[in-house]
>>> print(open('structure26.txt').read())   # compact mmCIF, C-alpha atoms
# COMPACT_ATOMS: atom_id res chain seq x y z
CA MET N 13 -14.56 3.02 -20.28
CA THR N 14 -10.86 2.43 -20.81
CA GLY N 15 -7.99 4.84 -20.61
CA PRO N 16 -4.67 4.34 -22.32
CA LEU N 17 -3.41 0.72 -22.06
CA GLY N 18 -6.67 -0.52 -20.48
CA GLY N 19 -8.32 -3.23 -22.59
CA LEU N 20 -11.73 -4.84 -22.36
CA ALA N 21 -10.32 -7.87 -20.55
CA ASP N 22 -8.99 -5.61 -17.82
CA LEU N 23 -12.33 -3.83 -17.57
CA GLU N 24 -14.16 -7.12 -17.15
CA ALA N 25 -11.61 -8.31 -14.62
CA VAL N 26 -11.88 -5.28 -12.32
CA LYS N 27 -15.66 -5.31 -12.54
CA ALA N 28 -15.77 -9.01 -11.66
CA MET N 29 -13.34 -8.45 -8.81
CA ILE N 30 -15.70 -6.03 -7.06
CA GLN N 31 -19.08 -7.33 -8.20
CA GLU N 32 -18.38 -11.04 -7.70
CA THR N 33 -15.13 -11.84 -5.90
CA TYR N 34 -15.45 -9.14 -3.28
CA PRO N 35 -18.90 -10.13 -1.95
CA GLU N 36 -18.04 -13.84 -2.10
CA ARG N 37 -15.01 -13.31 0.09
CA ALA N 38 -16.75 -10.82 2.37
CA MET N 39 -19.50 -13.39 2.99
CA SER N 40 -17.12 -16.33 3.37
CA GLY N 41 -16.40 -15.73 7.04
CA ASP N 42 -12.72 -16.29 6.21
CA SER N 43 -10.87 -13.12 7.10
CA GLN N 44 -7.60 -14.34 5.53
CA LEU N 45 -9.36 -14.98 2.23
CA TYR N 46 -10.93 -11.54 2.45
CA ALA N 47 -7.60 -9.84 3.25
CA ALA N 48 -5.85 -11.63 0.38
CA MET N 49 -7.63 -9.26 -2.01
CA TYR N 50 -5.54 -6.34 -0.74
CA THR N 51 -2.07 -5.03 -1.50
CA ASP N 52 0.53 -4.98 1.26
CA ASP N 53 0.09 -1.22 1.64
CA ALA N 54 -3.68 -1.18 1.18
CA LEU N 55 -5.73 1.49 2.97
CA TRP N 56 -9.20 0.40 4.15
CA CYS N 57 -11.46 3.23 5.25
CA PRO N 58 -14.79 2.27 6.89
CA PRO N 59 -17.29 4.89 8.08
CA ASN N 60 -17.22 5.81 11.77
CA HIS N 61 -14.26 3.56 12.51
CA PHE N 62 -10.52 3.92 12.31
CA ASP N 63 -8.81 3.22 9.01
CA LYS N 64 -6.73 0.05 8.63
CA ARG N 65 -3.50 -0.35 6.68
CA GLY N 66 -2.36 -3.67 5.21
CA PRO N 67 -3.87 -7.17 4.96
CA LYS N 68 -3.12 -8.14 8.55
CA ALA N 69 -5.00 -5.19 10.02
CA ILE N 70 -7.80 -5.58 7.48
CA ALA N 71 -8.20 -9.27 8.37
CA ALA N 72 -8.40 -8.36 12.06
CA ALA N 73 -11.07 -5.76 11.35
CA ASP N 74 -13.04 -8.27 9.30
CA ASP N 75 -12.87 -10.74 12.19
CA ALA N 76 -13.95 -8.08 14.65
CA LYS N 77 -17.24 -7.34 12.95
CA ALA N 78 -18.64 -10.46 14.67
CA ALA N 79 -21.45 -10.82 12.19
CA ASP N 80 -22.43 -12.80 9.14
CA ILE N 81 -23.38 -10.80 6.11
CA GLU N 82 -25.20 -11.14 2.84
CA ALA N 83 -23.94 -8.65 0.27
CA VAL N 84 -25.06 -7.75 -3.21
CA MET N 85 -22.83 -5.39 -5.18
CA ARG N 86 -23.60 -3.50 -8.35
CA VAL N 87 -20.70 -1.86 -10.16
CA GLU N 88 -21.40 1.47 -11.80
CA ASP N 89 -18.32 3.38 -12.98
CA HIS N 90 -15.14 1.44 -13.67
CA GLU N 91 -12.07 2.41 -15.66
CA VAL N 92 -8.59 1.08 -16.23
CA PHE N 93 -5.56 3.29 -16.74
CA GLY N 94 -2.44 1.24 -17.28
CA ASN N 95 -1.74 -0.67 -14.08
CA VAL N 96 -4.35 1.20 -12.02
CA ALA N 97 -8.12 0.94 -12.06
CA TYR N 98 -10.96 2.43 -10.10
CA VAL N 99 -14.41 1.07 -9.45
CA THR N 100 -17.48 2.58 -7.85
CA ALA N 101 -20.33 0.36 -6.74
CA LYS N 102 -23.49 0.28 -4.72
CA ALA N 103 -23.89 -2.39 -2.08
CA LYS N 104 -26.83 -3.77 -0.17
CA VAL N 105 -25.60 -5.54 2.94
CA SER N 106 -27.70 -7.52 5.42
CA VAL N 107 -25.90 -7.91 8.72
CA PHE N 108 -26.68 -10.74 11.15
CA PRO N 109 -24.80 -10.39 14.47
CA ARG N 110 -23.37 -13.68 15.67
CA ASP N 111 -24.62 -12.99 19.19
CA GLY N 112 -28.17 -13.33 17.91
CA GLY N 113 -28.90 -9.61 17.95
CA ALA N 114 -31.31 -8.04 15.49
CA GLY N 115 -30.17 -8.05 11.90
CA GLN N 116 -30.34 -5.01 9.69
CA THR N 117 -29.96 -4.06 6.05
CA VAL N 118 -27.64 -1.23 5.14
CA PHE N 119 -26.93 0.47 1.83
CA TYR N 120 -23.44 1.64 0.93
CA ARG N 121 -21.58 3.47 -1.81
CA GLY N 122 -17.99 2.26 -2.21
CA PHE N 123 -14.89 3.31 -4.13
CA TRP N 124 -12.02 0.99 -4.85
CA LEU N 125 -8.65 1.75 -6.36
CA LEU N 126 -7.01 -1.39 -7.71
CA LYS N 127 -3.50 -2.14 -8.81
CA ARG N 128 -2.39 -4.79 -11.25
CA ALA N 129 -0.69 -7.67 -9.44
CA GLU N 130 1.06 -10.83 -10.59
CA ALA N 131 -2.16 -12.84 -10.47
CA GLY N 132 -4.80 -10.32 -11.45
CA TRP N 133 -5.79 -7.20 -9.54
CA LYS N 134 -5.57 -6.24 -5.88
CA ILE N 135 -7.25 -3.51 -3.87
CA ARG N 136 -4.98 -0.61 -2.94
CA LEU N 137 -7.61 1.72 -1.51
CA GLN N 138 -11.16 1.21 -0.34
CA ILE N 139 -13.55 3.72 1.17
CA TRP N 140 -17.29 3.54 1.65
CA ASN N 141 -20.18 5.38 3.26
CA GLU N 142 -23.77 4.66 4.17
CA LYS N 143 -26.68 5.71 2.06
CA PRO N 144 -30.31 6.11 3.11
CA PHE N 145 -31.55 3.96 0.26
CA PHE N 146 -30.84 2.95 -3.34
CA MET T 18 3.73 8.15 -20.12
CA GLY T 19 4.40 5.72 -17.31
CA THR T 20 3.62 2.05 -17.56
CA GLY T 21 2.81 1.66 -13.89
CA ALA T 22 1.66 3.63 -10.90
CA ARG T 23 4.30 5.81 -9.32
CA ASP T 24 4.18 5.82 -5.56
CA ILE T 25 6.03 8.61 -3.84
CA THR T 26 4.26 8.39 -0.53
CA ASP T 27 7.35 6.99 1.15
CA GLY T 28 9.56 9.68 -0.34
CA VAL T 29 11.12 7.42 -2.95
CA VAL T 30 10.46 8.75 -6.46
CA GLN T 31 10.48 6.31 -9.34
CA PRO T 32 12.59 7.39 -12.35
CA ASP T 33 9.79 8.60 -14.58
CA ALA T 34 7.31 9.74 -11.94
CA ARG T 35 5.01 12.51 -13.07
CA ILE T 36 6.14 14.74 -10.26
CA GLU T 37 4.50 17.84 -11.61
CA ASP T 38 1.12 16.10 -11.84
CA VAL T 39 1.45 14.70 -8.32
CA GLU T 40 2.31 18.11 -6.91
CA TYR T 41 -0.46 19.72 -8.91
CA LEU T 42 -3.05 17.38 -7.44
CA ARG T 43 -1.67 17.81 -3.94
CA ALA T 44 -1.94 21.59 -4.28
CA TYR T 45 -5.39 21.27 -5.86
CA ILE T 46 -6.72 19.66 -2.70
CA LEU T 47 -4.72 21.61 -0.15
CA GLU T 48 -5.33 25.01 -1.70
CA ARG T 49 -7.99 25.16 -4.38
CA TYR T 50 -10.39 22.64 -2.86
CA SER T 51 -10.09 24.24 0.59
CA ALA T 52 -10.59 27.74 -0.82
CA ALA T 53 -13.66 26.71 -2.81
CA SER T 54 -15.17 24.81 0.12
CA ASN T 55 -14.70 27.83 2.37
CA SER T 56 -16.04 30.30 -0.18
CA GLN T 57 -19.72 29.43 0.46
CA ASP T 58 -19.92 29.85 -3.33
CA ALA T 59 -21.56 26.81 -4.90
CA GLU T 60 -20.45 27.79 -8.41
CA GLN T 61 -16.81 28.00 -7.39
CA TYR T 62 -17.08 24.67 -5.61
CA ALA T 63 -18.72 22.92 -8.57
CA GLU T 64 -15.97 24.16 -10.91
CA LEU T 65 -13.56 21.77 -9.20
CA PHE T 66 -15.39 18.85 -10.82
CA HIS T 67 -15.75 17.32 -14.26
CA GLU T 68 -19.13 17.64 -15.97
CA ASN T 69 -20.16 14.09 -15.11
CA ALA T 70 -18.44 13.83 -11.75
CA LEU T 71 -19.87 11.60 -9.00
CA TRP T 72 -20.05 13.21 -5.54
CA CYS T 73 -20.78 10.85 -2.67
CA PRO T 74 -21.41 12.41 0.72
CA PRO T 75 -22.19 10.28 3.78
CA ALA T 76 -25.77 9.59 4.77
CA ILE T 77 -27.42 11.43 1.88
CA PRO T 78 -27.95 10.52 -1.78
CA ASP T 79 -25.11 10.85 -4.27
CA LYS T 80 -25.01 13.65 -6.80
CA ARG T 81 -23.96 13.22 -10.43
CA GLY T 82 -22.80 16.18 -12.51
CA LYS T 83 -21.78 19.75 -11.75
CA LYS T 84 -25.33 21.06 -11.58
CA ALA T 85 -26.34 18.49 -8.99
CA ILE T 86 -23.09 19.01 -7.05
CA ARG T 87 -23.77 22.74 -7.03
CA TYR T 88 -27.18 22.00 -5.55
CA GLY T 89 -25.72 19.55 -3.04
CA TYR T 90 -23.18 22.11 -1.83
CA SER T 91 -25.90 24.78 -1.49
CA ALA T 92 -28.25 22.47 0.34
CA LYS T 93 -25.94 21.83 3.28
CA ASP T 94 -27.91 24.42 5.25
CA ALA T 95 -24.85 25.56 7.16
CA ARG T 96 -21.74 27.64 6.82
CA ILE T 97 -18.64 25.51 6.82
CA THR T 98 -14.92 25.95 7.40
CA VAL T 99 -12.72 23.33 5.79
CA VAL T 100 -9.07 22.43 6.24
CA THR T 101 -7.79 19.63 4.02
CA PHE T 102 -4.80 17.35 4.55
CA VAL T 103 -3.24 15.04 1.97
CA ASP T 104 -1.89 11.58 2.83
CA ASP T 105 -1.39 9.77 -0.48
CA VAL T 106 -1.17 11.03 -4.05
CA GLU T 107 -0.55 8.88 -7.11
CA VAL T 108 -0.78 9.47 -10.83
CA ASP T 109 -0.83 6.90 -13.60
CA CYS T 110 -1.51 7.94 -17.17
CA ASP T 111 -4.36 10.46 -17.00
CA LEU T 112 -5.78 9.09 -13.75
CA GLY T 113 -4.84 10.37 -10.34
CA PHE T 114 -6.04 9.79 -6.86
CA VAL T 115 -5.67 11.69 -3.64
CA VAL T 116 -6.41 10.35 -0.19
CA GLY T 117 -6.69 12.84 2.60
CA CYS T 118 -8.70 14.20 5.46
CA ALA T 119 -10.91 17.20 5.95
CA HIS T 120 -11.47 18.96 9.24
CA VAL T 121 -14.84 20.67 8.95
CA GLY T 122 -16.42 23.24 11.22
CA LEU T 123 -20.17 23.26 10.70
CA PHE T 124 -22.20 26.34 11.70
CA PRO T 125 -25.92 25.59 11.14
CA ASN T 126 -27.91 28.36 9.54
CA ASP T 127 -30.62 27.90 12.16
CA GLY T 128 -28.18 29.01 14.88
CA GLY T 129 -27.71 25.54 16.33
CA PRO T 130 -24.42 24.57 18.03
CA LYS T 131 -21.26 24.35 16.00
CA ARG T 132 -20.04 20.86 15.16
CA ASP T 133 -16.45 19.82 14.54
CA LEU T 134 -16.20 16.94 12.14
CA LEU T 135 -13.37 14.84 10.74
CA PHE T 136 -13.71 13.10 7.39
CA ARG T 137 -11.61 10.68 5.40
CA VAL T 138 -11.83 11.73 1.75
CA PHE T 139 -10.92 9.97 -1.45
CA TRP T 140 -10.69 11.94 -4.70
CA ILE T 141 -10.30 10.44 -8.17
CA PHE T 142 -8.95 12.88 -10.74
CA LYS T 143 -8.97 12.58 -14.49
CA LYS T 144 -6.99 14.65 -16.96
CA ILE T 145 -9.30 15.50 -19.83
CA GLY T 146 -8.29 17.97 -22.52
CA GLY T 147 -5.10 18.63 -20.60
CA GLU T 148 -6.96 19.69 -17.47
CA TRP T 149 -7.14 17.84 -14.18
CA LYS T 150 -10.48 17.90 -12.40
CA ILE T 151 -12.24 15.74 -9.85
CA ALA T 152 -14.15 12.84 -11.40
CA ASN T 153 -15.22 11.09 -8.19
CA GLN T 154 -15.28 12.09 -4.55
CA LEU T 155 -16.39 9.99 -1.60
CA TRP T 156 -15.99 10.78 2.06
CA ASN T 157 -16.95 9.29 5.40
CA GLU T 158 -16.90 10.48 8.96
CA LYS T 159 -14.14 9.44 11.29
CA ILE T 160 -13.91 9.23 15.05
CA ARG T 161 -11.96 12.25 16.25
CA PRO T 162 -8.86 11.15 18.20
>>> encode(input="structure26.txt", output="structure tokens")
Amino acid sequence: MTGPLGGLADLEAVKAMIQETYPERAMSGDSQLYAAMYTDDALWCPPNHFDKRGPKAIAAADDAKAADIEAVMRVEDHEVFGNVAYVTAKAKVSVFPRDGGAGQTVFYRGFWLLKRAEAGWKIRLQIWNEKPFF
Amino acid sequence: MGTGARDITDGVVQPDARIEDVEYLRAYILERYSAASNSQDAEQYAELFHENALWCPPAIPDKRGKKAIRYGYSAKDARITVVTFVDDVEVDCDLGFVVGCAHVGLFPNDGGPKRDLLFRVFWIFKKIGGEWKIANQLWNEKIRP
């Protein structure tokens, strides 16, 4: 759905950002590439951990997870209103600790608020929680 | 109508910021949402939301729509006390978001021990028919400092 000023191209762009770009970068193992998706004042809110503000802190948190992941995202609601968009998605994430510990699969629901940037869209807010299943 | 998001979180108001909408949403969460959450009245709580709202609590399945949200609120199997805090509020066109926290006291109906919980909460608001209501809500638990 689009609000005022939000065209189909914007809708496709924000959906692709979360459904394709986000998991690619999250799985890349490159925390700088991951953090580049975020605005300078981005707020990143994981469950059961402290929030992080800004790309530098988000990159450090990504590094600290010390695990490789495989992530599949499926966007559900997404809308564009002018220079702001929101996206909700479900995620299935398999986590493989780098110390060789047992891997596990976790299901998440995530919300993203995006802002239009010079070269596309960037994430301003992200929050997610665990789900028992999808 | 603005052509970009108006950020007043640092106290600097852009020339055509929708101040009244920002303050309305702030008050909605600080006052109306708190009051409804503390009411133990599922109907009053569900009225905060749009008809097709998505409600995403941690660790249990999401609920879609007021009827399901009403059920979800009722099914918590505890009396709760809620105090909300607002960190960020922004409005652009007929979309708004609020980021805040909720301090929740949980008193299980089975007489179990009280739990004190801290949540980060993200609310998406939409203005439909001139009325702001919650379209999406997701929260997760935080480590208490």
>>> closest_atom_pairs(input="structure26.txt", of="chain T", to="chain N", cutoff="6 Å", atoms="all atoms listed in the file", output="CSV")
residue,atom,partner,partner_atom,distance
T:Gly21,CA,N:Asn95,CA,5.1
T:Pro75,CA,N:Asn141,CA,5.3
T:Ala76,CA,N:Lys143,CA,4.8
T:Ile77,CA,N:Lys143,CA,5.8
T:Asn157,CA,N:Pro59,CA,5.2
T:Glu158,CA,N:Asn60,CA,5.5
T:Lys159,CA,N:Asn60,CA,4.8
T:Ile160,CA,N:Asn60,CA,5.8
>>> closest_residue(input="structure26.txt", among="T:Tyr88, T:Trp72, T:Phe66, T:Phe114", to="T:Ile151", atoms="all atoms listed in the file")
T:Phe66
>>> atom_distance(input="structure26.txt", atom1="atom CA of N:Asp75", atom2="atom CA of N:Gly113")
17.1 Å
>>> residues_around(input="structure26.txt", residues="T:Ala85", least_positions_apart="3", cutoff="12 Å", atoms="only C-alpha atoms", output="NGL selection string")
:T and (59-60 or 62-64 or 66-73 or 78-82 or 88-92)
>>> closest_residue(input="structure26.txt", among="T:Ala119, T:Val99, T:Ala152, T:Val106", to="T:Asp38", atoms="only C-alpha atoms")
T:Val106
>>> build_atoms(input="structure26.txt", residues="stretch 98-116 of chain N", atoms="N, CA, C and O atoms", output="PDB file, keeping the file's coordinate frame")
ATOM      1  N   TYR N  98     -10.057   2.077 -11.190  1.00  0.00           N
ATOM      2  CA  TYR N  98     -10.960   2.430 -10.100  1.00  0.00           C
ATOM      3  C   TYR N  98     -12.345   1.891 -10.409  1.00  0.00           C
ATOM      4  O   TYR N  98     -12.730   1.736 -11.567  1.00  0.00           O
ATOM      5  N   VAL N  99     -13.062   1.618  -9.344  1.00  0.00           N
ATOM      6  CA  VAL N  99     -14.410   1.070  -9.450  1.00  0.00           C
ATOM      7  C   VAL N  99     -15.282   1.769  -8.416  1.00  0.00           C
ATOM      8  O   VAL N  99     -14.860   1.968  -7.272  1.00  0.00           O
ATOM      9  N   THR N 100     -16.491   2.153  -8.821  1.00  0.00           N
ATOM     10  CA  THR N 100     -17.480   2.580  -7.850  1.00  0.00           C
ATOM     11  C   THR N 100     -18.650   1.603  -7.918  1.00  0.00           C
ATOM     12  O   THR N 100     -18.986   1.105  -9.001  1.00  0.00           O
ATOM     13  N   ALA N 101     -19.232   1.321  -6.779  1.00  0.00           N
ATOM     14  CA  ALA N 101     -20.330   0.360  -6.740  1.00  0.00           C
ATOM     15  C   ALA N 101     -21.289   0.707  -5.623  1.00  0.00           C
ATOM     16  O   ALA N 101     -20.929   1.385  -4.652  1.00  0.00           O
ATOM     17  N   LYS N 102     -22.509   0.221  -5.791  1.00  0.00           N
ATOM     18  CA  LYS N 102     -23.490   0.280  -4.720  1.00  0.00           C
ATOM     19  C   LYS N 102     -23.566  -1.100  -4.075  1.00  0.00           C
ATOM     20  O   LYS N 102     -23.403  -2.114  -4.763  1.00  0.00           O
ATOM     21  N   ALA N 103     -23.817  -1.118  -2.788  1.00  0.00           N
ATOM     22  CA  ALA N 103     -23.890  -2.390  -2.080  1.00  0.00           C
ATOM     23  C   ALA N 103     -25.094  -2.399  -1.154  1.00  0.00           C
ATOM     24  O   ALA N 103     -25.407  -1.399  -0.507  1.00  0.00           O
ATOM     25  N   LYS N 104     -25.763  -3.542  -1.133  1.00  0.00           N
ATOM     26  CA  LYS N 104     -26.830  -3.770  -0.170  1.00  0.00           C
ATOM     27  C   LYS N 104     -26.344  -4.891   0.745  1.00  0.00           C
ATOM     28  O   LYS N 104     -26.057  -5.993   0.266  1.00  0.00           O
ATOM     29  N   VAL N 105     -26.219  -4.588   2.013  1.00  0.00           N
ATOM     30  CA  VAL N 105     -25.600  -5.540   2.940  1.00  0.00           C
ATOM     31  C   VAL N 105     -26.573  -5.824   4.084  1.00  0.00           C
ATOM     32  O   VAL N 105     -27.008  -4.896   4.769  1.00  0.00           O
ATOM     33  N   SER N 106     -26.901  -7.098   4.266  1.00  0.00           N
ATOM     34  CA  SER N 106     -27.700  -7.520   5.420  1.00  0.00           C
ATOM     35  C   SER N 106     -26.735  -8.084   6.451  1.00  0.00           C
ATOM     36  O   SER N 106     -25.909  -8.950   6.132  1.00  0.00           O
ATOM     37  N   VAL N 107     -26.852  -7.575   7.660  1.00  0.00           N
ATOM     38  CA  VAL N 107     -25.900  -7.910   8.720  1.00  0.00           C
ATOM     39  C   VAL N 107     -26.629  -8.710   9.792  1.00  0.00           C
ATOM     40  O   VAL N 107     -27.676  -8.287  10.297  1.00  0.00           O
ATOM     41  N   PHE N 108     -26.070  -9.862  10.150  1.00  0.00           N
ATOM     42  CA  PHE N 108     -26.680 -10.740  11.150  1.00  0.00           C
ATOM     43  C   PHE N 108     -25.660 -10.970  12.272  1.00  0.00           C
ATOM     44  O   PHE N 108     -24.731 -11.776  12.118  1.00  0.00           O
ATOM     45  N   PRO N 109     -25.783 -10.239  13.380  1.00  0.00           N
ATOM     46  CA  PRO N 109     -24.800 -10.390  14.470  1.00  0.00           C
ATOM     47  C   PRO N 109     -24.749 -11.827  14.969  1.00  0.00           C
ATOM     48  O   PRO N 109     -25.787 -12.497  15.119  1.00  0.00           O
ATOM     49  N   ARG N 110     -23.547 -12.288  15.235  1.00  0.00           N
ATOM     50  CA  ARG N 110     -23.370 -13.680  15.670  1.00  0.00           C
ATOM     51  C   ARG N 110     -23.859 -13.916  17.093  1.00  0.00           C
ATOM     52  O   ARG N 110     -24.030 -15.067  17.513  1.00  0.00           O
ATOM     53  N   ASP N 111     -24.087 -12.826  17.837  1.00  0.00           N
ATOM     54  CA  ASP N 111     -24.620 -12.990  19.190  1.00  0.00           C
ATOM     55  C   ASP N 111     -26.148 -13.099  19.189  1.00  0.00           C
ATOM     56  O   ASP N 111     -26.780 -13.087  20.246  1.00  0.00           O
ATOM     57  N   GLY N 112     -26.733 -13.165  18.015  1.00  0.00           N
ATOM     58  CA  GLY N 112     -28.170 -13.330  17.910  1.00  0.00           C
ATOM     59  C   GLY N 112     -28.948 -12.026  17.922  1.00  0.00           C
ATOM     60  O   GLY N 112     -30.187 -12.027  17.928  1.00  0.00           O
ATOM     61  N   GLY N 113     -28.239 -10.903  17.951  1.00  0.00           N
ATOM     62  CA  GLY N 113     -28.900  -9.610  17.950  1.00  0.00           C
ATOM     63  C   GLY N 113     -29.674  -9.381  16.654  1.00  0.00           C
ATOM     64  O   GLY N 113     -29.547 -10.149  15.691  1.00  0.00           O
ATOM     65  N   ALA N 114     -30.449  -8.322  16.650  1.00  0.00           N
ATOM     66  CA  ALA N 114     -31.310  -8.040  15.490  1.00  0.00           C
ATOM     67  C   ALA N 114     -30.466  -7.747  14.262  1.00  0.00           C
ATOM     68  O   ALA N 114     -29.493  -6.998  14.325  1.00  0.00           O
ATOM     69  N   GLY N 115     -30.851  -8.341  13.152  1.00  0.00           N
ATOM     70  CA  GLY N 115     -30.170  -8.050  11.900  1.00  0.00           C
ATOM     71  C   GLY N 115     -30.673  -6.746  11.306  1.00  0.00           C
ATOM     72  O   GLY N 115     -31.699  -6.210  11.716  1.00  0.00           O
ATOM     73  N   GLN N 116     -29.910  -6.228  10.364  1.00  0.00           N
ATOM     74  CA  GLN N 116     -30.340  -5.010   9.690  1.00  0.00           C
ATOM     75  C   GLN N 116     -29.785  -5.006   8.279  1.00  0.00           C
ATOM     76  O   GLN N 116     -28.795  -5.681   7.985  1.00  0.00           O
TER      77      GLN N 116
END
